[in-house]
>>> print(open('protein-v2.cif').read())   # mmCIF, C-alpha atoms; chains and numbers go by the auth columns
data_run
loop_
_atom_site.group_PDB
_atom_site.id
_atom_site.type_symbol
_atom_site.label_atom_id
_atom_site.label_comp_id
_atom_site.label_asym_id
_atom_site.label_seq_id
_atom_site.Cartn_x
_atom_site.Cartn_y
_atom_site.Cartn_z
_atom_site.B_iso_or_equiv
_atom_site.auth_seq_id
_atom_site.auth_asym_id
ATOM 1 C CA MET A 1 0.000 0.000 0.000 0.00 22 B
ATOM 2 C CA GLN A 2 2.856 2.344 0.918 0.00 23 B
ATOM 3 C CA ASP A 3 4.573 1.580 -2.410 0.00 24 B
ATOM 4 C CA LYS A 4 1.347 2.352 -4.307 0.00 25 B
ATOM 5 C CA TYR A 5 1.035 5.666 -2.471 0.00 26 B
ATOM 6 C CA LEU A 6 4.654 6.649 -3.278 0.00 27 B
ATOM 7 C CA ARG A 7 4.205 5.795 -6.947 0.00 28 B
ATOM 8 C CA LEU A 8 0.961 7.766 -7.164 0.00 29 B
ATOM 9 C CA SER A 9 2.555 10.718 -5.396 0.00 30 B
ATOM 10 C CA ALA A 10 5.554 10.653 -7.753 0.00 31 B
ATOM 11 C CA GLU A 11 3.258 10.359 -10.772 0.00 32 B
ATOM 12 C CA PHE A 12 1.216 13.353 -9.614 0.00 33 B
ATOM 13 C CA ASP A 13 4.405 15.355 -8.984 0.00 34 B
ATOM 14 C CA ASN A 14 5.622 14.561 -12.518 0.00 35 B
ATOM 15 C CA TYR A 15 2.223 15.577 -13.909 0.00 36 B
ATOM 16 C CA ARG A 16 2.339 18.884 -12.005 0.00 37 B
ATOM 17 C CA LYS A 17 5.857 19.658 -13.255 0.00 38 B
ATOM 18 C CA ARG A 18 4.945 18.764 -16.848 0.00 39 B
ATOM 19 C CA THR A 19 1.820 20.946 -16.879 0.00 40 B
ATOM 20 C CA LEU A 20 3.751 23.829 -15.315 0.00 41 B
ATOM 21 C CA ARG A 21 6.436 23.516 -18.020 0.00 42 B
ATOM 22 C CA GLU A 22 3.745 23.382 -20.733 0.00 43 B
ATOM 23 C CA LYS A 23 2.068 26.510 -19.334 0.00 44 B
ATOM 24 C CA MET A 24 5.388 28.355 -19.342 0.00 45 B
ATOM 25 C CA GLU A 25 6.049 27.359 -22.960 0.00 46 B
ATOM 26 C CA LEU A 26 2.515 28.306 -23.958 0.00 47 B
ATOM 27 C CA SER A 27 2.813 31.785 -22.447 0.00 48 B
ATOM 28 C CA LYS A 28 6.290 32.220 -23.920 0.00 49 B
ATOM 29 C CA TYR A 29 5.214 31.372 -27.466 0.00 50 B
ATOM 30 C CA ALA A 30 1.554 32.473 -27.335 0.00 51 B
ATOM 31 C CA THR A 31 2.116 35.404 -29.685 0.00 52 B
ATOM 32 C CA GLU A 32 4.062 33.395 -32.252 0.00 53 B
ATOM 33 C CA ASP A 33 1.071 32.757 -34.527 0.00 54 B
ATOM 34 C CA MET A 34 0.028 36.405 -34.483 0.00 55 B
ATOM 35 C CA LEU A 35 3.552 37.589 -35.197 0.00 56 B
ATOM 36 C CA LEU A 36 3.905 35.178 -38.112 0.00 57 B
ATOM 37 C CA LYS A 37 0.773 36.727 -39.626 0.00 58 B
ATOM 38 C CA LEU A 38 2.240 40.211 -39.079 0.00 59 B
ATOM 39 C CA LEU A 39 5.563 39.524 -40.803 0.00 60 B
ATOM 40 C CA PRO A 40 4.201 39.992 -44.373 0.00 61 B
ATOM 41 C CA VAL A 41 3.137 43.525 -43.419 0.00 62 B
ATOM 42 C CA MET A 42 6.660 44.176 -42.158 0.00 63 B
ATOM 43 C CA ASP A 43 8.055 42.824 -45.433 0.00 64 B
ATOM 44 C CA ASP A 44 5.839 45.282 -47.318 0.00 65 B
ATOM 45 C CA PHE A 45 7.144 48.129 -45.169 0.00 66 B
ATOM 46 C CA ASP A 46 10.742 47.053 -45.882 0.00 67 B
ATOM 47 C CA ARG A 47 10.076 47.088 -49.615 0.00 68 B
ATOM 48 C CA ALA A 48 8.389 50.492 -49.388 0.00 69 B
ATOM 49 C CA VAL A 49 11.270 52.031 -47.418 0.00 70 B
ATOM 50 C CA SER A 50 13.875 50.661 -49.822 0.00 71 B
ATOM 51 C CA ASN A 51 11.940 51.975 -52.845 0.00 72 B
ATOM 52 C CA ILE A 52 11.277 55.452 -51.433 0.00 73 B
ATOM 53 C CA GLU A 53 14.858 56.571 -51.970 0.00 74 B
ATOM 54 C CA SER A 54 15.182 55.299 -55.527 0.00 75 B
ATOM 55 C CA SER A 55 11.704 56.222 -56.785 0.00 76 B
ATOM 56 C CA SER A 56 10.615 59.626 -57.986 0.00 77 B
ATOM 57 C CA ASP A 57 6.974 58.657 -58.505 0.00 78 B
ATOM 58 C CA TYR A 58 5.368 59.963 -55.312 0.00 79 B
ATOM 59 C CA ILE A 59 1.891 58.830 -56.314 0.00 80 B
ATOM 60 C CA ALA A 60 3.098 55.216 -56.583 0.00 81 B
ATOM 61 C CA ILE A 61 4.763 55.499 -53.166 0.00 82 B
ATOM 62 C CA LYS A 62 1.562 56.911 -51.663 0.00 83 B
ATOM 63 C CA ASN A 63 -0.503 54.117 -53.234 0.00 84 B
ATOM 64 C CA GLY A 64 1.924 51.511 -51.886 0.00 85 B
ATOM 65 C CA ILE A 65 1.733 52.911 -48.371 0.00 86 B
ATOM 66 C CA ASP A 66 -2.071 53.046 -48.637 0.00 87 B
ATOM 67 C CA LEU A 67 -2.081 49.346 -49.570 0.00 88 B
ATOM 68 C CA ILE A 68 0.114 48.519 -46.572 0.00 89 B
ATOM 69 C CA TYR A 69 -2.254 50.501 -44.328 0.00 90 B
ATOM 70 C CA VAL A 70 -5.270 48.588 -45.643 0.00 91 B
ATOM 71 C CA LYS A 71 -3.459 45.262 -45.190 0.00 92 B
ATOM 72 C CA PHE A 72 -2.506 46.123 -41.607 0.00 93 B
ATOM 73 C CA ASN A 73 -6.030 47.322 -40.850 0.00 94 B
ATOM 74 C CA ASP A 74 -7.431 44.026 -42.187 0.00 95 B
ATOM 75 C CA PHE A 75 -4.940 42.127 -40.011 0.00 96 B
ATOM 76 C CA LEU A 76 -6.192 43.970 -36.925 0.00 97 B
ATOM 77 C CA LYS A 77 -9.832 43.254 -37.823 0.00 98 B
ATOM 78 C CA GLN A 78 -9.087 39.554 -38.323 0.00 99 B
ATOM 79 C CA ASN A 79 -7.583 39.465 -34.827 0.00 100 B
ATOM 80 C CA GLY A 80 -10.590 41.110 -33.171 0.00 101 B
ATOM 81 C CA VAL A 81 -9.275 44.674 -32.920 0.00 102 B
ATOM 82 C CA ARG A 82 -11.706 47.429 -33.854 0.00 103 B
ATOM 83 C CA GLU A 83 -11.768 51.183 -33.516 0.00 104 B
ATOM 84 C CA ILE A 84 -13.905 53.002 -30.948 0.00 105 B
ATOM 85 C CA ALA A 85 -16.299 55.375 -32.720 0.00 106 B
ATOM 86 C CA SER A 86 -15.624 58.828 -31.328 0.00 107 B
ATOM 87 C CA LEU A 87 -15.964 61.782 -33.690 0.00 108 B
ATOM 88 C CA ASN A 88 -19.301 63.630 -33.301 0.00 109 B
ATOM 89 C CA CYS A 89 -20.414 61.114 -30.660 0.00 110 B
ATOM 90 C CA PRO A 90 -21.471 62.062 -27.120 0.00 111 B
ATOM 91 C CA PHE A 91 -18.574 61.986 -24.648 0.00 112 B
ATOM 92 C CA ASN A 92 -18.492 58.718 -22.678 0.00 113 B
ATOM 93 C CA VAL A 93 -16.042 58.419 -19.772 0.00 114 B
ATOM 94 C CA ASP A 94 -15.937 54.635 -20.202 0.00 115 B
ATOM 95 C CA LEU A 95 -14.657 54.933 -23.778 0.00 116 B
ATOM 96 C CA HIS A 96 -12.924 58.306 -24.035 0.00 117 B
ATOM 97 C CA ASP A 97 -10.265 60.375 -22.265 0.00 118 B
ATOM 98 C CA ALA A 98 -10.905 64.100 -22.590 0.00 119 B
ATOM 99 C CA VAL A 99 -7.631 65.955 -23.144 0.00 120 B
ATOM 100 C CA ALA A 100 -9.268 69.351 -23.746 0.00 121 B
ATOM 101 C CA LYS A 101 -12.550 71.203 -23.765 0.00 122 B
ATOM 102 C CA VAL A 102 -13.224 73.783 -26.446 0.00 123 B
ATOM 103 C CA ALA A 103 -16.009 76.345 -26.527 0.00 124 B
ATOM 104 C CA VAL A 104 -18.359 75.796 -29.466 0.00 125 B
ATOM 105 C CA ASP A 105 -21.017 78.093 -30.900 0.00 126 B
ATOM 106 C CA GLU A 106 -23.398 75.397 -32.097 0.00 127 B
ATOM 107 C CA GLU A 107 -25.685 73.986 -29.415 0.00 128 B
ATOM 108 C CA ASP A 108 -25.739 70.473 -30.908 0.00 129 B
ATOM 109 C CA LYS A 109 -21.910 70.152 -30.573 0.00 130 B
ATOM 110 C CA LYS A 110 -21.938 70.747 -26.802 0.00 131 B
ATOM 111 C CA GLY A 111 -21.029 67.603 -24.882 0.00 132 B
ATOM 112 C CA LYS A 112 -19.953 65.893 -28.083 0.00 133 B
ATOM 113 C CA ILE A 113 -16.510 65.000 -29.362 0.00 134 B
ATOM 114 C CA ILE A 114 -15.277 67.520 -31.924 0.00 135 B
ATOM 115 C CA ASP A 115 -11.757 66.155 -32.486 0.00 136 B
ATOM 116 C CA VAL A 116 -9.923 62.863 -31.946 0.00 137 B
ATOM 117 C CA ILE A 117 -6.288 63.216 -30.879 0.00 138 B
ATOM 118 C CA GLN A 118 -5.594 59.479 -30.603 0.00 139 B
ATOM 119 C CA LYS A 119 -7.901 56.652 -31.683 0.00 140 B
ATOM 120 C CA GLY A 120 -9.095 54.120 -29.140 0.00 141 B
ATOM 121 C CA TYR A 121 -9.494 50.394 -29.761 0.00 142 B
ATOM 122 C CA TYR A 122 -11.423 47.353 -28.577 0.00 143 B
ATOM 123 C CA LEU A 123 -10.018 43.830 -28.498 0.00 144 B
ATOM 124 C CA GLN A 124 -13.201 41.787 -28.902 0.00 145 B
ATOM 125 C CA ASP A 125 -15.359 43.535 -26.234 0.00 146 B
ATOM 126 C CA LYS A 126 -12.530 44.771 -24.005 0.00 147 B
ATOM 127 C CA ILE A 127 -11.172 48.297 -24.338 0.00 148 B
ATOM 128 C CA ILE A 128 -7.414 48.081 -24.875 0.00 149 B
ATOM 129 C CA ARG A 129 -6.889 51.816 -25.405 0.00 150 B
ATOM 130 C CA HIS A 130 -9.231 54.724 -24.687 0.00 151 B
ATOM 131 C CA SER A 131 -9.692 57.449 -27.308 0.00 152 B
ATOM 132 C CA LYS A 132 -8.042 60.766 -26.485 0.00 153 B
ATOM 133 C CA VAL A 133 -10.539 63.410 -27.554 0.00 154 B
ATOM 134 C CA VAL A 134 -11.450 67.096 -27.519 0.00 155 B
ATOM 135 C CA VAL A 135 -14.948 67.800 -26.214 0.00 156 B
ATOM 136 C CA GLY A 136 -17.172 70.730 -27.168 0.00 157 B
ATOM 137 C CA GLU A 137 -18.350 72.861 -24.274 0.00 158 B
#
>>> encode(input="protein-v2.cif", output="structure tokens")
Amino acid sequence: MQDKYLRLSAEFDNYRKRTLREKMELSKYATEDMLLKLLPVMDDFDRAVSNIESSSDYIAIKNGIDLIYVKFNDFLKQNGVREIASLNCPFNVDLHDAVAKVAVDEEDKKGKIIDVIQKGYYLQDKIIRHSKVVVGE
């Protein structure tokens, strides 16, 4: 009976150590898949930077950077990141950080956001960054 108990105890200890090691590896490499999906966007940026110096066609450069922006925006959407709607919306302390208040002449702009300094974002339903906004007063 004592031998059975020692074996079971050792087996449980091995299980605990193995699961702890697996958790550490999982947290260490959890972002690997996301980063692999992000690398093509970085490759596009590298190509754009290397072509900026040698190209004189600014419209082509602008179009290339616009394409990279769209690709990166799509990547964020695929991973559950979305922008917090702010401009011309009522100020909400749960979603927005007011960095300034500006006097406005129009009555319908009072208490509403008239400028966005920095966009805010959701990750699924969680706010990962609040919008920094200017509120009409």
>>> closest_residue(input="protein-v2.cif", among="B:Tyr143, B:Phe112, B:Tyr36, B:Tyr90", to="Val156 (chain B)", atoms="all atoms listed in the file")
B:Phe112
>>> resolve_selection(input="protein-v2.cif", expression="the PyMOL selection byres ((chain B and resi 82) around 12)", output="NGL selection string")
:B and (65-66 or 68-81 or 83-89)
>>> atom_distance(input="protein-v2.cif", atom1="CA of Val102 (chain B)", atom2="CA of Asp136 (chain B)")
21.6 Å
>>> residues_around(input="protein-v2.cif", residues="Leu116 (chain B)", least_positions_apart="5", cutoff="10 Å", atoms="all atoms listed in the file", output="mmCIF file with C-alpha atoms, in the frame of the given file")
data_model
loop_
_atom_site.group_PDB
_atom_site.id
_atom_site.type_symbol
_atom_site.label_atom_id
_atom_site.label_comp_id
_atom_site.auth_asym_id
_atom_site.auth_seq_id
_atom_site.Cartn_x
_atom_site.Cartn_y
_atom_site.Cartn_z
ATOM 1 C CA ILE B 105 -13.905 53.002 -30.948
ATOM 2 C CA ALA B 106 -16.299 55.375 -32.720
ATOM 3 C CA SER B 107 -15.624 58.828 -31.328
ATOM 4 C CA GLY B 141 -9.095 54.120 -29.140
ATOM 5 C CA TYR B 142 -9.494 50.394 -29.761
ATOM 6 C CA TYR B 143 -11.423 47.353 -28.577
ATOM 7 C CA ILE B 148 -11.172 48.297 -24.338
ATOM 8 C CA ARG B 150 -6.889 51.816 -25.405
ATOM 9 C CA HIS B 151 -9.231 54.724 -24.687
ATOM 10 C CA SER B 152 -9.692 57.449 -27.308
ATOM 11 C CA LYS B 153 -8.042 60.766 -26.485
#
>>> closest_residue(input="protein-v2.cif", among="B:Val114, B:Val155, B:Leu56, B:Ile149", to="Lys131 (chain B)", atoms="only C-alpha atoms")
B:Val155
>>> resolve_selection(input="protein-v2.cif", expression="the PyMOL selection byres ((chain B and resi 101) around 9)", output="number ranges by chain")
B: 96-100, 102-103, 143-146
>>> atom_distance(input="protein-v2.cif", atom1="CA of His117 (chain B)", atom2="CA of Glu104 (chain B)")
11.9 Å
>>> atom_distance(input="protein-v2.cif", atom1="CA of Gly157 (chain B)", atom2="CA of Val120 (chain B)")
11.4 Å
>>> axis_aligned_box(input="protein-v2.cif", around="region 56-67 of chain B", padding_each_side="3 Å", output="AutoDock Vina command-line options")
--center_x 5.8 --center_y 41.7 --center_z -41.3 --size_x 16.0 --size_y 19.0 --size_z 18.1
>>> residues_around(input="protein-v2.cif", residues="Leu59 (chain B)", least_positions_apart="4", cutoff="10 Å", atoms="all atoms listed in the file", output="list in words")
Glu53, Asp54, Met55, Met63, Asp64, Lys92, Phe93, Phe96 and Leu97 of chain B
>>> write_last_selection(input="protein-v2.cif", atoms="C-alpha atoms", output="CSV table (one decimal), keeping the file's coordinate frame")
chain,number,residue,atom,x,y,z
B,53,GLU,CA,4.1,33.4,-32.3
B,54,ASP,CA,1.1,32.8,-34.5
B,55,MET,CA,0.0,36.4,-34.5
B,63,MET,CA,6.7,44.2,-42.2
B,64,ASP,CA,8.1,42.8,-45.4
B,92,LYS,CA,-3.5,45.3,-45.2
B,93,PHE,CA,-2.5,46.1,-41.6
B,96,PHE,CA,-4.9,42.1,-40.0
B,97,LEU,CA,-6.2,44.0,-36.9
>>> resolve_selection(input="protein-v2.cif", expression="the PyMOL selection byres ((chain B and resi 125) around 6)", output="list in words")
Ala124, Asp126, Glu127, Gly157 and Glu158 of chain B
>>> write_last_selection(input="protein-v2.cif", atoms="C-alpha atoms", output="compact mmCIF listing (two decimals), in the coordinates of the input")
# COMPACT_ATOMS: atom_id res chain seq x y z
CA ALA B 124 -16.01 76.34 -26.53
CA ASP B 126 -21.02 78.09 -30.90
CA GLU B 127 -23.40 75.40 -32.10
CA GLY B 157 -17.17 70.73 -27.17
CA GLU B 158 -18.35 72.86 -24.27
>>> closest_residue(input="protein-v2.cif", among="B:Val62, B:Tyr50, B:Lys122, B:Leu108", to="Val137 (chain B)", atoms="only C-alpha atoms")
B:Leu108
>>> decode(input="protein-v2.cif", residues="region 56-126 of chain B", atoms="C-alpha atoms", output="short mmCIF file (atom, residue, chain, number, x, y, z; two decimals), in the first residue's frame")
data_model
loop_
_atom_site.label_atom_id
_atom_site.label_comp_id
_atom_site.auth_asym_id
_atom_site.auth_seq_id
_atom_site.Cartn_x
_atom_site.Cartn_y
_atom_site.Cartn_z
CA LEU B 56 3.55 37.59 -35.20
CA LEU B 57 3.90 35.18 -38.11
CA LYS B 58 0.77 36.73 -39.63
CA LEU B 59 2.24 40.21 -39.08
CA LEU B 60 5.56 39.52 -40.80
CA PRO B 61 4.20 39.99 -44.37
CA VAL B 62 3.14 43.52 -43.42
CA MET B 63 6.66 44.18 -42.16
CA ASP B 64 8.06 42.82 -45.43
CA ASP B 65 5.84 45.28 -47.32
CA PHE B 66 7.14 48.13 -45.17
CA ASP B 67 10.74 47.05 -45.88
CA ARG B 68 10.08 47.09 -49.62
CA ALA B 69 8.39 50.49 -49.39
CA VAL B 70 11.27 52.03 -47.42
CA SER B 71 13.87 50.66 -49.82
CA ASN B 72 11.94 51.97 -52.84
CA ILE B 73 11.28 55.45 -51.43
CA GLU B 74 14.86 56.57 -51.97
CA SER B 75 15.18 55.30 -55.53
CA SER B 76 11.70 56.22 -56.79
CA SER B 77 10.62 59.63 -57.99
CA ASP B 78 6.97 58.66 -58.50
CA TYR B 79 5.37 59.96 -55.31
CA ILE B 80 1.89 58.83 -56.31
CA ALA B 81 3.10 55.22 -56.58
CA ILE B 82 4.76 55.50 -53.17
CA LYS B 83 1.56 56.91 -51.66
CA ASN B 84 -0.50 54.12 -53.23
CA GLY B 85 1.92 51.51 -51.89
CA ILE B 86 1.73 52.91 -48.37
CA ASP B 87 -2.07 53.05 -48.64
CA LEU B 88 -2.08 49.35 -49.57
CA ILE B 89 0.11 48.52 -46.57
CA TYR B 90 -2.25 50.50 -44.33
CA VAL B 91 -5.27 48.59 -45.64
CA LYS B 92 -3.46 45.26 -45.19
CA PHE B 93 -2.51 46.12 -41.61
CA ASN B 94 -6.03 47.32 -40.85
CA ASP B 95 -7.43 44.03 -42.19
CA PHE B 96 -4.94 42.13 -40.01
CA LEU B 97 -6.19 43.97 -36.93
CA LYS B 98 -9.83 43.25 -37.82
CA GLN B 99 -9.09 39.55 -38.32
CA ASN B 100 -7.58 39.46 -34.83
CA GLY B 101 -10.59 41.11 -33.17
CA VAL B 102 -9.27 44.67 -32.92
CA ARG B 103 -11.71 47.43 -33.85
CA GLU B 104 -11.77 51.18 -33.52
CA ILE B 105 -13.91 53.00 -30.95
CA ALA B 106 -16.30 55.38 -32.72
CA SER B 107 -15.62 58.83 -31.33
CA LEU B 108 -15.96 61.78 -33.69
CA ASN B 109 -19.30 63.63 -33.30
CA CYS B 110 -20.41 61.11 -30.66
CA PRO B 111 -21.47 62.06 -27.12
CA PHE B 112 -18.57 61.99 -24.65
CA ASN B 113 -18.49 58.72 -22.68
CA VAL B 114 -16.04 58.42 -19.77
CA ASP B 115 -15.94 54.63 -20.20
CA LEU B 116 -14.66 54.93 -23.78
CA HIS B 117 -12.92 58.31 -24.03
CA ASP B 118 -10.27 60.37 -22.27
CA ALA B 119 -10.90 64.10 -22.59
CA VAL B 120 -7.63 65.96 -23.14
CA ALA B 121 -9.27 69.35 -23.75
CA LYS B 122 -12.55 71.20 -23.76
CA VAL B 123 -13.22 73.78 -26.45
CA ALA B 124 -16.01 76.34 -26.53
CA VAL B 125 -18.36 75.80 -29.47
CA ASP B 126 -21.02 78.09 -30.90
#
